[in-house]
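Have a look at the structure below, then the notes.
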Amino acid sequence: MHPSSLFDQWQWQPPASFGRITAIEMHTGGEPLRVFTGGLPPLPGSSVLEKRAYFRQHFDHLRTGTMLEPRGHGDMYGAVLTPSADADFDVFFLHNEGYSTMCGHAIIALTKLAIDTGLVRKPTAQLEINVPAGRIQARAELHEGKVVSAAFRNVPSFVYLHDQTVHVPELGEIRFDVAYGGAFYAIVDAGPLGLPLIPQAATQLIDCGRRIKQTVASAFPIEHPFEPELSFLYGTIFTGPAQQPGHHSRNVCIFADGELDRSPTGSGVSARAALHVAKGELTLGESIAIESILGSTMTVRAVERARFGPYEAVIPEVSGTAHITGRSEFYFDPADPFAAGFLVR
């Protein structure tokens with residue numbers, strides 16, 4: 001009898017010398033998330049920042065090996081979950097350049113993962129999550145026992161620089177604001193630059209986003225009020241009109257080393273909420289839906305005012321949807337010259 005598939009009787013197993021890492025694959029509004037489920041080393045530390053620092057010092061090759069080619073790509077994104085002493089779990093985030101301080105699309109996806117798969121078992125669909133930027137409260141909306149959307153209350157978000165200009169080579173004078181939503185972003189109106197916020201303009205958006213980020217970061221030092229490790233400009237957010245009725249606007253975030261966020265960017269829409277409140281364009285409790293480059297949306301509202309060091313801040317609440325797309329098992333052959341990954345852009 002012939003097997004129905006070439007692999008029906010296949011019994012190959014990877015050699016014991018191979019390293020192995022397993023992961024669950026997800027996306028939020030089109031933005032990928034690789035959640036590691038096995039194969040990572042123990043990470044000592046009493047805080048997320050200590051665990052992240054240890055991983056960066058000793059195991060950064062695992063970040064590059066799983067985020068970059070050939071196992072990943074230039075826009076891959078990852079999450080490392082660890083047990084927590086005072087929350088449901090601690091998590092830090094990986095990308096092509098290094099490590100994020102906060103990630104809204106990951107929080108939305110992890111809320112779905114934790115509740116839908118039983119990773120966290122609680123009587124309520126609410127989570128406490130420690131991230132590098134602080135403590136996040138998340139909750140899931142359930143329908144027939146399954147998560148259909150997730151929301152989180154972010155860290156205090158505030159305007160850092162308002163209505164500034166900078167000369168960017170080949171682009172000219174750029175007007176921008178810098179706001180913080182767990183990470184710092186330069187927020188720029190795409191209209192004066194003639195940038196359409198559509199997938200066909202991805203290369204141009206990445207190029208302009210990189211140039212603006214580098215120039216603003218050089219001209220305007222960024223200082224987080226409490227944590228030096230969070231004191232850097234993470235990305236550029238281009239804003240423009242929405243393409244669907246009933247939505248507030250569209251934005252495209254270029255972060256890390258030219259990564260283009262497929263989602264509306266959870267920490268980015270938090271920063272935008274703080275900016276709109278400061279400008280008197282958004283009232284407390286008012287919800288707005290912001291589109292991504294793909295047309296997927298996140299909804300954000302400022303739920304209350306807060307003080308964050310010297311800054312008047314707001315507490316944003318962001319909601320969106322996520323999906324599980326697969327399960328992966330990666331091997332690391334010690335003889336592979338590209339085991340630590342590479343990137344061709």
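Residues are referred to by chain and number: the chain letter is A, B, ... according to the order shown in the structure tokens, the number counts from 1 in that chain, and ligands are numbered separately from 1 in the order shown.
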Checklist line | Spatial neighbours of Ala133 of chain A, 9 Å, only C-alpha atoms, chain gap at least 3 places, as a list in words | finding: Leu49, Thr101, Met102, Asn130, Ile136, Val155, Gly182, Ala183, Glu227 and Leu230 of chain A
Mind dumping the selected residues with N, CA and C atoms as a PDB file, in the first residue's frame?
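This is the output file result.pdb:
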```
ATOM      1  N   LEU A  49      13.183  44.666  33.651  1.00  0.00           N
ATOM      2  CA  LEU A  49      14.387  45.308  33.122  1.00  0.00           C
ATOM      3  C   LEU A  49      15.636  44.495  33.443  1.00  0.00           C
ATOM      4  N   THR A 101      10.411  49.036  24.766  1.00  0.00           N
ATOM      5  CA  THR A 101      10.040  49.356  26.140  1.00  0.00           C
ATOM      6  C   THR A 101       8.593  48.985  26.437  1.00  0.00           C
ATOM      7  N   MET A 102       7.748  49.031  25.405  1.00  0.00           N
ATOM      8  CA  MET A 102       6.330  48.701  25.546  1.00  0.00           C
ATOM      9  C   MET A 102       5.828  48.293  24.173  1.00  0.00           C
ATOM     10  N   ASN A 130       3.597  42.872  33.751  1.00  0.00           N
ATOM     11  CA  ASN A 130       4.741  43.765  33.899  1.00  0.00           C
ATOM     12  C   ASN A 130       5.528  43.821  32.591  1.00  0.00           C
ATOM     13  N   ILE A 136       0.897  46.965  33.321  1.00  0.00           N
ATOM     14  CA  ILE A 136      -0.204  47.078  32.381  1.00  0.00           C
ATOM     15  C   ILE A 136      -1.382  46.262  32.901  1.00  0.00           C
ATOM     16  N   VAL A 155       0.527  52.653  30.476  1.00  0.00           N
ATOM     17  CA  VAL A 155       1.249  53.497  31.417  1.00  0.00           C
ATOM     18  C   VAL A 155       0.899  54.960  31.139  1.00  0.00           C
ATOM     19  N   GLY A 182       4.543  54.753  26.380  1.00  0.00           N
ATOM     20  CA  GLY A 182       5.302  53.547  26.713  1.00  0.00           C
ATOM     21  C   GLY A 182       6.604  53.503  25.946  1.00  0.00           C
ATOM     22  N   ALA A 183       6.683  54.279  24.887  1.00  0.00           N
ATOM     23  CA  ALA A 183       7.881  54.545  24.095  1.00  0.00           C
ATOM     24  C   ALA A 183       7.712  55.942  23.503  1.00  0.00           C
ATOM     25  N   GLU A 227      13.407  56.474  34.178  1.00  0.00           N
ATOM     26  CA  GLU A 227      14.163  55.289  33.801  1.00  0.00           C
ATOM     27  C   GLU A 227      15.096  55.579  32.620  1.00  0.00           C
ATOM     28  N   LEU A 230      14.788  53.800  29.216  1.00  0.00           N
ATOM     29  CA  LEU A 230      13.672  54.121  28.338  1.00  0.00           C
ATOM     30  C   LEU A 230      13.877  55.447  27.605  1.00  0.00           C
TER      31      LEU A 230
END
```
Notebook entry, point to check: What lies within 9 Å of Thr64 of chain A using only C-alpha atoms, ignoring chain neighbours under 2 positions off, as a list in words?
Noted result: Asp60, His61, Leu62, Thr66, Met67, Leu68, Glu69, Gly72, Leu94, His95, Asn96, Glu97, Gly98, Ala339, Ala340, Gly341 and Phe342 of chain A
The selected residues should be written to file as a compact mmCIF listing (two decimals), in the first residue's frame (atoms: N, CA and C atoms).
```txt
# COMPACT_ATOMS: atom_id res chain seq x y z
N ASP A 60 21.72 37.56 23.32
CA ASP A 60 21.20 38.37 22.22
C ASP A 60 21.23 37.61 20.90
N HIS A 61 22.10 36.61 20.80
CA HIS A 61 22.13 35.80 19.57
C HIS A 61 20.82 35.04 19.37
N LEU A 62 20.08 34.80 20.45
CA LEU A 62 18.78 34.15 20.29
C LEU A 62 17.75 35.14 19.73
N THR A 66 16.19 34.42 15.94
CA THR A 66 14.75 34.17 15.75
C THR A 66 14.02 35.34 15.10
N MET A 67 14.55 36.56 15.22
CA MET A 67 13.89 37.72 14.62
C MET A 67 14.34 37.94 13.17
N LEU A 68 15.63 37.70 12.90
CA LEU A 68 16.18 38.01 11.59
C LEU A 68 16.08 36.79 10.67
N GLU A 69 16.50 36.99 9.44
CA GLU A 69 16.55 35.88 8.48
C GLU A 69 17.57 34.85 8.95
N GLY A 72 13.32 34.52 10.62
CA GLY A 72 12.41 35.64 10.70
C GLY A 72 12.54 36.53 9.48
N LEU A 94 11.12 41.88 21.58
CA LEU A 94 12.28 41.80 20.69
C LEU A 94 11.92 42.28 19.29
N HIS A 95 12.90 42.86 18.60
CA HIS A 95 12.71 43.24 17.20
C HIS A 95 14.05 43.22 16.47
N ASN A 96 14.09 43.75 15.26
CA ASN A 96 15.28 43.60 14.44
C ASN A 96 16.48 44.38 14.95
N GLU A 97 16.25 45.40 15.77
CA GLU A 97 17.33 46.25 16.26
C GLU A 97 17.69 45.97 17.70
N GLY A 98 16.75 45.44 18.46
CA GLY A 98 17.01 45.22 19.87
C GLY A 98 15.74 44.93 20.65
N ALA A 339 23.56 30.75 11.91
CA ALA A 339 22.68 30.40 13.03
C ALA A 339 22.23 31.63 13.81
N ALA A 340 23.08 32.65 13.89
CA ALA A 340 22.73 33.86 14.62
C ALA A 340 21.91 34.84 13.81
N GLY A 341 21.60 34.51 12.57
CA GLY A 341 20.74 35.35 11.77
C GLY A 341 21.46 36.45 11.02
N PHE A 342 20.76 37.02 10.06
CA PHE A 342 21.27 38.15 9.27
C PHE A 342 20.08 38.91 8.74
```
Margin query: List the spatial neighbours of segment 18-30 of chain A as a list in words - criterion: any atom at most 6 Å away, only C-alpha atoms, same-chain residues fewer than 4 positions off excluded.
Written below: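 Once the nearby chain positions are removed, what remains is Arg34, Val35, Phe36, Thr37, Gly38, Gly39, His105, Arg262, Ser263, Ser296, Thr321, Ala322, His323, Ile324, Thr325, Gly326, Arg327, Ser328, Glu329, Phe330, Tyr331, Phe332 and Asp333 of chain A.
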Note to self: If we count only C-alpha atoms and set the cut-off at 12 Å, which residues sit around Glu50 of chain A, ignoring sequence neighbours fewer than 4 positions away in its own chain? Please answer as a ChimeraX atom specification.
What the structure shows: /A:43-46,54-57,82,90-92,131-132,229
Write out the residues from the selection above, keeping N, CA and C atoms, as a CSV table (one decimal), in the first residue's frame.
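The resulting file, result_20.csv, is shown below:
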```csv
chain,number,residue,atom,x,y,z
A,43,LEU,N,16.1,33.1,33.1
A,43,LEU,CA,16.5,34.5,33.1
A,43,LEU,C,16.4,35.0,34.6
A,44,PRO,N,17.5,35.2,35.2
A,44,PRO,CA,17.5,35.7,36.6
A,44,PRO,C,17.2,37.2,36.6
A,45,GLY,N,16.6,37.6,37.7
A,45,GLY,CA,16.3,39.1,37.9
A,45,GLY,C,15.0,39.2,38.6
A,46,SER,N,14.9,40.3,39.4
A,46,SER,CA,13.7,40.6,40.1
A,46,SER,C,12.7,41.5,39.4
A,54,TYR,N,19.8,40.9,31.3
A,54,TYR,CA,20.5,39.6,31.4
A,54,TYR,C,20.4,38.9,30.0
A,55,PHE,N,19.2,38.9,29.4
A,55,PHE,CA,19.1,38.3,28.1
A,55,PHE,C,19.9,39.0,27.1
A,56,ARG,N,19.9,40.3,27.1
A,56,ARG,CA,20.6,41.1,26.1
A,56,ARG,C,22.1,40.9,26.2
A,57,GLN,N,22.6,40.7,27.5
A,57,GLN,CA,24.0,40.6,27.7
A,57,GLN,C,24.5,39.2,27.3
A,82,THR,N,8.0,35.5,31.2
A,82,THR,CA,8.6,34.8,32.3
A,82,THR,C,7.7,34.9,33.5
A,90,ASP,N,5.6,38.5,33.5
A,90,ASP,CA,6.5,39.5,33.1
A,90,ASP,C,6.7,39.3,31.6
A,91,VAL,N,6.9,40.3,30.8
A,91,VAL,CA,7.2,40.1,29.4
A,91,VAL,C,8.1,41.3,28.9
A,92,PHE,N,9.1,40.9,28.0
A,92,PHE,CA,9.8,41.9,27.3
A,92,PHE,C,9.8,41.6,25.8
A,131,VAL,N,5.7,45.0,32.1
A,131,VAL,CA,6.5,45.3,30.9
A,131,VAL,C,7.7,46.2,31.3
A,132,PRO,N,8.7,46.4,30.4
A,132,PRO,CA,9.8,47.3,30.8
A,132,PRO,C,9.3,48.7,31.1
A,229,GLU,N,16.9,53.7,30.9
A,229,GLU,CA,16.9,52.7,29.8
A,229,GLU,C,15.7,53.0,28.8
```
Item checked: Secondary structure check, alpha helix (DSSP H) residues of segment 190-267 of chain A, as a list of chain:residue names ->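 Going through segment 190-267 of chain A, the alpha helix (DSSP H) residues come out as A:Ala202, A:Thr203, A:Gln204, A:Leu205, A:Ile206, A:Asp207, A:Cys208, A:Gly209, A:Arg210, A:Arg211, A:Ile212, A:Lys213, A:Gln214, A:Thr215, A:Val216, A:Ala217, A:Ser218, A:Ala219, A:Gly266, A:Ser267.
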Do a neighbour search on Gly246 of chain A at 8 Å with only C-alpha atoms, toss out local chain neighbours closer than 2 positions, and write the hits as a compact mmCIF listing (two decimals) with N, CA and C atoms, in the first residue's frame.
```
# COMPACT_ATOMS: atom_id res chain seq x y z
N GLN A 244 -11.72 54.98 5.87
CA GLN A 244 -13.03 54.39 6.07
C GLN A 244 -13.90 55.32 6.91
N HIS A 248 -11.22 57.87 12.89
CA HIS A 248 -10.64 59.18 13.19
C HIS A 248 -9.53 59.55 12.23
N ALA A 289 -11.16 55.64 16.65
CA ALA A 289 -10.62 54.46 15.97
C ALA A 289 -9.56 54.92 14.97
```
Margin query: I need the residues of segment 158-294 of chain A that end up classed as strand (DSSP E or B) by DSSP on the backbone, written out as JSON, numbers by chain.
Written below: {"A": [158, 159, 160, 161, 162, 163, 164, 165, 166, 167, 168, 172, 173, 174, 175, 176, 177, 178, 179, 180, 184, 185, 186, 187, 188, 189, 233, 234, 235, 236, 237, 238, 239, 240, 249, 250, 251, 252, 253, 254, 255, 259, 260, 287, 288, 289, 290, 291]}
Since we have the selection now, will you write its residues out, keeping C-alpha atoms, as a CSV table (one decimal), in the first residue's frame?
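And here is the file that came out, selection-v2.csv:
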```csv
chain,number,residue,atom,x,y,z
A,158,PHE,CA,2.3,62.5,27.8
A,159,VAL,CA,3.6,65.1,25.3
A,160,TYR,CA,7.4,65.5,25.5
A,161,LEU,CA,8.0,68.1,22.7
A,162,HIS,CA,5.2,70.2,21.1
A,163,ASP,CA,5.2,71.8,17.7
A,164,GLN,CA,9.0,71.6,16.9
A,165,THR,CA,10.8,71.8,13.6
A,166,VAL,CA,13.9,70.2,12.3
A,167,HIS,CA,15.8,70.2,9.0
A,168,VAL,CA,16.0,66.7,7.7
A,172,GLY,CA,13.6,69.8,4.3
A,173,GLU,CA,11.9,71.4,7.3
A,174,ILE,CA,9.8,68.9,9.2
A,175,ARG,CA,7.3,69.9,11.9
A,176,PHE,CA,6.8,67.3,14.6
A,177,ASP,CA,5.7,66.6,18.1
A,178,VAL,CA,7.2,64.0,20.4
A,179,ALA,CA,4.9,62.0,22.7
A,180,TYR,CA,5.3,59.0,25.0
A,184,PHE,CA,8.8,57.9,22.6
A,185,TYR,CA,7.6,58.8,19.0
A,186,ALA,CA,8.1,61.7,16.7
A,187,ILE,CA,4.6,62.3,15.3
A,188,VAL,CA,4.5,63.9,11.8
A,189,ASP,CA,1.7,64.9,9.5
A,233,LEU,CA,13.3,57.9,20.4
A,234,TYR,CA,11.8,54.6,19.3
A,235,GLY,CA,10.1,55.6,16.0
A,236,THR,CA,8.4,58.0,13.7
A,237,ILE,CA,4.6,58.0,13.4
A,238,PHE,CA,3.1,59.4,10.2
A,239,THR,CA,-0.5,60.6,10.5
A,240,GLY,CA,-3.1,61.2,7.8
A,249,SER,CA,-7.4,58.9,11.2
A,250,ARG,CA,-4.7,56.6,9.8
A,251,ASN,CA,-1.2,56.3,11.0
A,252,VAL,CA,1.9,54.4,10.1
A,253,CYS,CA,4.7,53.8,12.6
A,254,ILE,CA,8.3,53.2,11.5
A,255,PHE,CA,10.3,51.9,14.5
A,259,GLU,CA,10.4,48.2,10.8
A,260,LEU,CA,7.0,49.2,9.5
A,287,SER,CA,-13.0,57.0,21.9
A,288,ILE,CA,-11.4,57.2,18.5
A,289,ALA,CA,-10.6,54.5,16.0
A,290,ILE,CA,-7.3,54.7,14.2
A,291,GLU,CA,-6.4,52.8,11.1
```
Check: Given the choices A:Ala87, A:Leu40, A:Pro156, A:Gln9, which gets closest to Arg307 of chain A if the distance is worked out from only C-alpha atoms?
Finding: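 Among A:Ala87, A:Leu40, A:Pro156, A:Gln9, it is A:Pro156 that comes nearest to Arg307 of chain A.
By chain and then residue number, the residues within 12 Å of Phe226 of chain A are Ala133, Gly134, Ile222, Glu223, His224, Pro228, Glu229, Leu230, Ser231, Phe308, Gly309, Pro310 and Tyr311 of chain A, counting only C-alpha atoms and disregarding those fewer than 2 positions away in sequence.
Computed from the coordinates, the atom CA of Phe89 of chain A to atom CA of Glu128 of chain A distance equals 7.3 Å.
Residue nearest Ala256 of chain A within the list A:Ile315, A:Met76, A:Ala335, A:Ala201: A:Met76 [criterion: smallest interatomic distance, only C-alpha atoms].
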Notebook entry, point to check: What gap, in Å, lies between atom CA of Ser292 of chain A and atom CA of Leu171 of chain A?
Noted result: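 Spanning atom CA of Ser292 of chain A to atom CA of Leu171 of chain A is a straight-line distance of 23.4 Å.
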